[in-house]
Every structure is written in structure tokens, then in C-alpha cells.
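Asks: Questions regarding the structure given below will be posed in turn.
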Amino acid sequence: MIGLGGLLVLLAVAFVLLRGDLIREQLDPKTPYQTYRPPPAPDYAQPTAWRLAPTHPEAPAASDPPADVFFVSPTTYEGGRQWNDPIDDAKSDRLFRRVMAPNYAGPFVRVGRIFAPRYRQAGLYSLLTLRDDAKDARAFAYGDVAQAFRWWRDHDGGQRPFLIVGVEQGGTLAARLVAEEIAPNPGLRARLAGAYLIETVVPATHPALEPCARRDQAGCLAAWTSVPASDIDRGKILLSRALVWGPSDELVNLRGPALCFNPILGSTTDEPAPARMHLGAANATGLEWGARPAFMAREVSAQCEGGILRVSAPRSASLQPSGSWTEQRMAPGFNLFYADLEADARARVAQLSRP
């Protein structure tokens with residue numbers, strides 16, 4: 001009995017230690033991408049191809065906010081059988097509506113009409129490995145995002161200001177979108193209030209747009225990746241594994257420094273932002289779409305160091321990572337800078353709208 005008990009304890013310990021590897025193995029599609037057949041493409045002329053969009057995109061109402069927001073979702077698809085997410089995957093859609101939309105599109109809903117396309121995003125496994133198959137899956141997803149943006153561009157109802165917002169995987173795709181579709185187009189650049197690439201590594205050398213330096217600046221780029229301030233090594237590890245777009249539209253390892261925007265200060269700077277300046281975090285998970293969450297002000301301080309935004313530990317238990325193993329490797333179910341981003345976006349749209 002003692003020996004059997006010891007064996008059970010040993011097996012339990014082994015399961016805890018190897019649990020991540022076992023789940024990764026289950027998420028691996030195992031099919032070479034060269035022979036993989038992706039799910040059917042979305043048709044952005046159809047309302048079903050959009051997770052969020054106004055009922056009449058071409059006819060903004062007088063009561064609508066003054067701008068449009070093109071929102072590229074973070075990862076919501078775990079994977080397993082597919083490298084890329086079918087756009088009608090019910091589980092992925094539930095996670096978007098329950099967690100990602102309220103926390104990450106929510107800060108912009110009072111600033112602009114939200115356009116959030118469904119796209120054949122790469123599954124979570126593609127973000128946990130540096131295999132070429134995973135890179136191909138992520139690069140493939142960009143085609144859908146570019147097509148959705150072009151549809152919005154041709155059906156947005158006029159020369160309204162707009163924002164680009166991308167989170168995590170969506171931020172990497174939005175970075176290429178900014179470089180290829182917006183930066184070379186003077187007409188679009190003149191309408192861009194700002195591009196927010198949240199939890200996204202972007203090279204600091206030769207960015208597609210001028211990095212945001214102050215809140216009354218329009219047409220600029222705000223990109224950052226955050227880690228807990230107490231985790232000394234995590235930032236270095238994150239940057240060492242970060243993938244960015246290379247000259248041939250392929251994903252390559254980051255070489256050189258990364259951009260770091262501080263949402264509390266509204267600036268790309270290494271200056272510290274004390275907690276007294278923090279406008280408010282929010283946990284909006286589960287809220288009805290469009291509902292305004294309660295803000296928790298002065299929860300965190302933040303400072304950019306070495307291209308990484310180091311953030312102090314929030315006091316509230318609702319601002320701590322939770323959920324399953326896979327959910328904890330996606331964008332968190334809260335937004336530490338919810339109120340800061342809302343105020344920042346309002347200021348940039350207002351600046352662009354001034355005569």
C-alpha cells in the first residue's frame with residue numbers, strides 16, 4: 001500500500017510537470033502545412049463574415065461616434081485538427097464575445113464604430129512553437145485581414161477618421177496591414193488617428209509610422225508588450241522568441257530593439273508612470289457588449305525597459321490570470337489599461353478632427 005501510494009504521488013507530480021507538453025501535443029495539427037487544406041474563405045460582403053460591424057456600414061448615423069475602429073482579434077482558437085480557425089467555430093466565437101470583445105474592443109466602442117472581421121486565425125499552437133508550419137499558418141491569416149480591411153475601406157461611408165487596433169496575434173497581423181495598406185497611402189494616412197498594437201512586438205528600427213510621443217498626436221503607432229515587473233527574465237525570453245515581419249513578408253526573429261508605448265503616459269518613452277496617473281483597469285469578461293465596466297484606478301504603475309513594458313502587480317484579484325491552461329496563454333480576461341486606452345483614443349481622434 002505504501003509503495004502504491006508513492007507511485008500515485010509520483011504519477012501526479014509527473015502529470016503536473018508534463019501537463020503543458022501533453023496539451024501542446026494535443027493542439028498540434030501534425031499535418032505539414034504544405035499539404036494542409038485551410039477552411040473556406042470568408043466573404044466580407046456578407047454580415048456573417050464580421051464578428052462586430054454596424055448594421056449600415058455605408059451610412060453612419062448622426063448618433064454614431066465620430067470614427068471607425070478596425071479591430072483585429074487576438075487568438076480565440078485553440079487548434080488541434082486545424083492550423084487555421086474555421087470562421088464558424090462556435091467555441092472560438094464564444095470566447096471572443098465573452099472575453100476578447102468586452103476587454104479589448106470595449107475601450108474603443110465610445111470612440112468609433114467597431115469593425116471586427118472573422119478571419120482564419122492561426123490556432124494557439126502556432127503561437128507556442130517556432131516551427132515553419134506555425135509561421136505559415138500565421139502568415140496565411142494575414143490574407144483574410146487584408147481583404148477585410150479593403151472591404152471596410154471601400155464601404156466605410158465616407159472620409160471618417162479611423163483607428164487600427166490589433167491584439168496579440170491580431171496585433172502582428174495589424175502591423176503588416178499598417179505597413180502595406182496604410183503607410184504608403186496618403187489618403188488613408190491623413191485619416192488615421194492612431195494604430196494600437198496591443199501585446200505586440202514591433203521593431204523599433206524603421207517603423208511604418210512615427211511612434212506616438214504625446215496624446216495630442218494623430219496618425220502615429222502605439223505598440224507594446226507587457227510583463228509583470230517582478231519577473232526579471234520573462235521580457236528577455238519573450239523578445240528572444242518574438243516573430244516580426246521580414247522583407248519578404250515572412251515571419252522572422254526580432255533583431256534589435258522593440259517599440260514600447262506606455263498607455264498610462266500616452267507616449268513611447270522609458271519614463272516611469274506612477275500608479276497615481278493610472279486612469280483605470282477593468283475586468284469586462286462576461287459583460288453585455290457595449291456595457292461600460294467599473295474602472296479600478298491607480299491599480300498599476302508601468303515603465304518601458306529594454307523594449308518591454310514592465311507593469312506592477314495589480315491589487316484586485318479580478319485582474320489576475322485565470323482559466324484553463326490554454327486560456328492563460330491567450331490574451332488575459334481583463335485589461336489593465338482600459339480607461340487609459342479609451343482616453344488616449346478619444347484624444348487622437350479629436351486631434352485629427354480639429355480644423
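Numbering starts fresh at 1 for the residues of each chain in the C-alpha cells, the chains themselves are lettered A, B, ... in the order given, and ligands are numbered from 1 as they appear.
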Hey, could you make a per-residue contact list for range 83-198 of chain A against range 24-46 of chain A with 12 Å as the cut-off, showing the nearest pair of atoms and its distance in Å to one decimal, counting only C-alpha atoms, sorted by chain and number, as a Markdown table?
Replies:
| residue | atom | partner | partner_atom | distance |
| --- | --- | --- | --- | --- |
| A:Trp83 | CA | A:Pro29 | CA | 6.1 |
| A:Asn84 | CA | A:Pro38 | CA | 6.4 |
| A:Asp85 | CA | A:Pro39 | CA | 7.3 |
| A:Pro86 | CA | A:Pro39 | CA | 5.3 |
| A:Ile87 | CA | A:Pro42 | CA | 7.2 |
| A:Asp88 | CA | A:Pro42 | CA | 9.7 |
| A:Asp89 | CA | A:Pro39 | CA | 10.6 |
| A:Phe115 | CA | A:Tyr44 | CA | 11.0 |
| A:Ala116 | CA | A:Tyr44 | CA | 10.8 |
| A:Pro117 | CA | A:Tyr44 | CA | 7.8 |
| A:Arg118 | CA | A:Pro42 | CA | 7.4 |
| A:Tyr119 | CA | A:Pro42 | CA | 7.1 |
| A:Arg120 | CA | A:Pro39 | CA | 7.5 |
| A:Gln121 | CA | A:Pro38 | CA | 10.5 |
| A:Ala122 | CA | A:Pro38 | CA | 10.4 |
| A:Gly123 | CA | A:Leu27 | CA | 8.2 |
| A:Leu124 | CA | A:Leu27 | CA | 7.7 |
| A:Tyr125 | CA | A:Leu27 | CA | 5.7 |
| A:Ser126 | CA | A:Asp28 | CA | 8.3 |
| A:Leu127 | CA | A:Arg24 | CA | 10.7 |
| A:Leu128 | CA | A:Arg24 | CA | 8.0 |
| A:Thr129 | CA | A:Arg24 | CA | 9.3 |
| A:Arg131 | CA | A:Tyr33 | CA | 10.4 |
| A:Asp132 | CA | A:Tyr33 | CA | 8.5 |
| A:Asp133 | CA | A:Tyr33 | CA | 5.2 |
| A:Ala134 | CA | A:Tyr33 | CA | 8.1 |
| A:Lys135 | CA | A:Tyr33 | CA | 9.6 |
| A:Asp136 | CA | A:Tyr33 | CA | 7.0 |
| A:Ala137 | CA | A:Tyr33 | CA | 7.4 |
| A:Arg138 | CA | A:Tyr33 | CA | 11.0 |
| A:Ala139 | CA | A:Tyr33 | CA | 11.5 |
| A:Phe140 | CA | A:Pro38 | CA | 9.2 |
| A:Ala141 | CA | A:Pro38 | CA | 10.1 |
| A:Gly143 | CA | A:Ala41 | CA | 9.7 |
| A:Asp144 | CA | A:Pro42 | CA | 7.5 |
| A:Val145 | CA | A:Tyr44 | CA | 10.1 |
| A:Ala146 | CA | A:Tyr44 | CA | 10.9 |
| A:Gln147 | CA | A:Tyr44 | CA | 7.7 |
| A:Ala148 | CA | A:Tyr44 | CA | 6.0 |
| A:Phe149 | CA | A:Tyr44 | CA | 9.3 |
| A:Arg150 | CA | A:Tyr44 | CA | 9.5 |
| A:Trp151 | CA | A:Tyr44 | CA | 6.7 |
| A:Trp152 | CA | A:Tyr44 | CA | 8.7 |
| A:Arg153 | CA | A:Tyr44 | CA | 11.8 |
| A:Asp154 | CA | A:Ala45 | CA | 10.8 |
| A:His155 | CA | A:Ala45 | CA | 9.6 |
Asks: Give me the residues near Leu254 in chain A as a list in words, where near means some atom within 6 Å (using only C-alpha atoms) and where sequence neighbours in that chain fewer than 5 positions away do not count.
Replies: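 Everything that qualifies: Ala242, Leu243 and Val244 of chain A.
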Asks: Write the residues you've just listed into a file as a compact mmCIF listing (two decimals), in the first residue's frame, and include N, CA, C and O atoms for each of them.
Replies:
# COMPACT_ATOMS: atom_id res chain seq x y z
N ALA A 242 10.29 36.39 -30.16
CA ALA A 242 9.32 37.20 -30.90
C ALA A 242 9.53 37.08 -32.40
O ALA A 242 10.67 37.06 -32.89
N LEU A 243 8.42 37.02 -33.12
CA LEU A 243 8.46 36.98 -34.58
C LEU A 243 7.88 38.29 -35.13
O LEU A 243 6.84 38.76 -34.67
N VAL A 244 8.58 38.85 -36.11
CA VAL A 244 8.14 40.08 -36.78
C VAL A 244 8.23 39.85 -38.28
O VAL A 244 8.78 38.86 -38.75
Asks: List the neighbours of range 256-260 of chain A out to 8 Å using only C-alpha atoms; skip same-chain residues closer than 4 positions along the sequence, and give me the result as a list in words.
Replies: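 Here the qualifying residues turn out to be Val201, Val202, Pro203, Ala204, Thr205, Pro211, Ala222, Ala223, Trp224, Thr225, Thr268, Thr269, Cys304, Gly306, Gly307, Ile308 and Leu309 of chain A.
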Asks: To one decimal in Å, tell me the separation between CA of Leu22 in chain A and CA of Tyr142 in chain A.
Replies: 29.1 Å
Asks: Give me, as a VMD selection string, all polymer residues having an atom no more than 10 Å from Ser353 in chain A, counting only C-alpha atoms and skipping those fewer than 2 positions away in the same chain.
Replies: chain A and resid 66 to 67 160 to 161 191 193 218 347 to 351 355
Asks: Between A:Ala208, A:Ala331, A:Ala183, A:Val109, which residue has the minimum interatomic distance to Ser226 in chain A, considering only C-alpha atoms?
Replies: A:Ala331
Asks: Go through range 138-289 of chain A and collect every residue that DSSP, computed from the backbone, puts in strand (DSSP E); the answer should be as a count of residues only.
Replies: 31
Asks: I'd like to know which of A:Pro247, A:Gly290, A:Gly171, A:Pro65 is closest to Gly112 in chain A, using only C-alpha atoms.
Replies: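 Closest candidate: A:Pro65.
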Asks: Neighbouring residues of Ser312 in chain A were defined as those with any atom within 9 Å, considering only C-alpha atoms; residues of the same chain fewer than 2 positions away were excluded. Please report them as a list in words.
Replies: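 Within the cut-off, the hits are Val227, Pro228, Ala229, Ser230, Ala275, Glu299, Val300, Ser301, Ala302, Arg310 and Pro314 of chain A.
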Asks: Using the chain letters and numbers from this document, which residues of range 82-130 of chain A does DSSP assign to helix (DSSP H, G or I), as an MDAnalysis selection string?
Replies: chainID A and resid 90:108 124:127
Asks: Compare A:Leu319, A:Ile23, A:Leu279, A:Ala345 by their minimum atom-to-atom distance to Asp216 in chain A, counting only C-alpha atoms, and give me the closest one.
Replies: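 Looking only at the distances to Asp216 in chain A, the closest residue turns out to be A:Ala345.
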Asks: Separation of CA of Phe71 in chain A and CA of Gly166 in chain A, in Å?
Replies: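 Value for the CA of Phe71 in chain A-CA of Gly166 in chain A distance: 5.8 Å.
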Asks: State, in Å with one decimal place, the distance from CA of Val167 in chain A to CA of Thr200 in chain A.
Replies: 6.8 Å
Asks: Of the candidates A:Ile114, A:Leu221, A:Leu265, A:Leu177, which shows the shortest atom-to-atom distance to Ala101 in chain A, using only C-alpha atoms?
Replies: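 Nearest to Ala101 in chain A: A:Ile114.
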Asks: For Pro321 in chain A, list every protein, DNA or RNA residue within 10 Å, evaluated using only C-alpha atoms, and leave out those in the same chain fewer than 5 positions away; present the list as an mmCIF file with N, CA, C and O atoms, in the first residue's frame.
Replies:
data_model
loop_
_atom_site.group_PDB
_atom_site.id
_atom_site.type_symbol
_atom_site.label_atom_id
_atom_site.label_comp_id
_atom_site.auth_asym_id
_atom_site.auth_seq_id
_atom_site.Cartn_x
_atom_site.Cartn_y
_atom_site.Cartn_z
ATOM 1 N N GLU A 327 -6.392 28.989 -21.924
ATOM 2 C CA GLU A 327 -6.869 30.364 -21.774
ATOM 3 C C GLU A 327 -5.809 31.263 -21.162
ATOM 4 O O GLU A 327 -5.737 32.458 -21.476
ATOM 5 N N GLN A 328 -4.957 30.711 -20.298
ATOM 6 C CA GLN A 328 -3.906 31.515 -19.687
ATOM 7 C C GLN A 328 -2.775 31.825 -20.665
ATOM 8 O O GLN A 328 -1.894 32.622 -20.345
ATOM 9 N N ARG A 329 -2.788 31.209 -21.830
ATOM 10 C CA ARG A 329 -1.784 31.501 -22.859
ATOM 11 C C ARG A 329 -2.344 32.359 -23.982
ATOM 12 O O ARG A 329 -1.658 32.631 -24.959
ATOM 13 N N ALA A 331 -4.725 36.135 -24.682
ATOM 14 C CA ALA A 331 -4.821 37.455 -24.057
ATOM 15 C C ALA A 331 -5.651 37.342 -22.770
ATOM 16 O O ALA A 331 -6.665 36.635 -22.747
ATOM 17 N N PRO A 332 -5.252 38.022 -21.689
ATOM 18 C CA PRO A 332 -5.959 37.884 -20.408
ATOM 19 C C PRO A 332 -7.409 38.350 -20.478
ATOM 20 O O PRO A 332 -7.772 39.183 -21.323
ATOM 21 N N GLY A 333 -8.223 37.836 -19.561
ATOM 22 C CA GLY A 333 -9.627 38.212 -19.494
ATOM 23 C C GLY A 333 -9.862 39.484 -18.718
ATOM 24 O O GLY A 333 -10.849 39.595 -17.974
ATOM 25 N N PHE A 334 -8.979 40.443 -18.867
ATOM 26 C CA PHE A 334 -9.103 41.768 -18.259
ATOM 27 C C PHE A 334 -8.193 42.704 -19.033
ATOM 28 O O PHE A 334 -7.368 42.259 -19.845
#
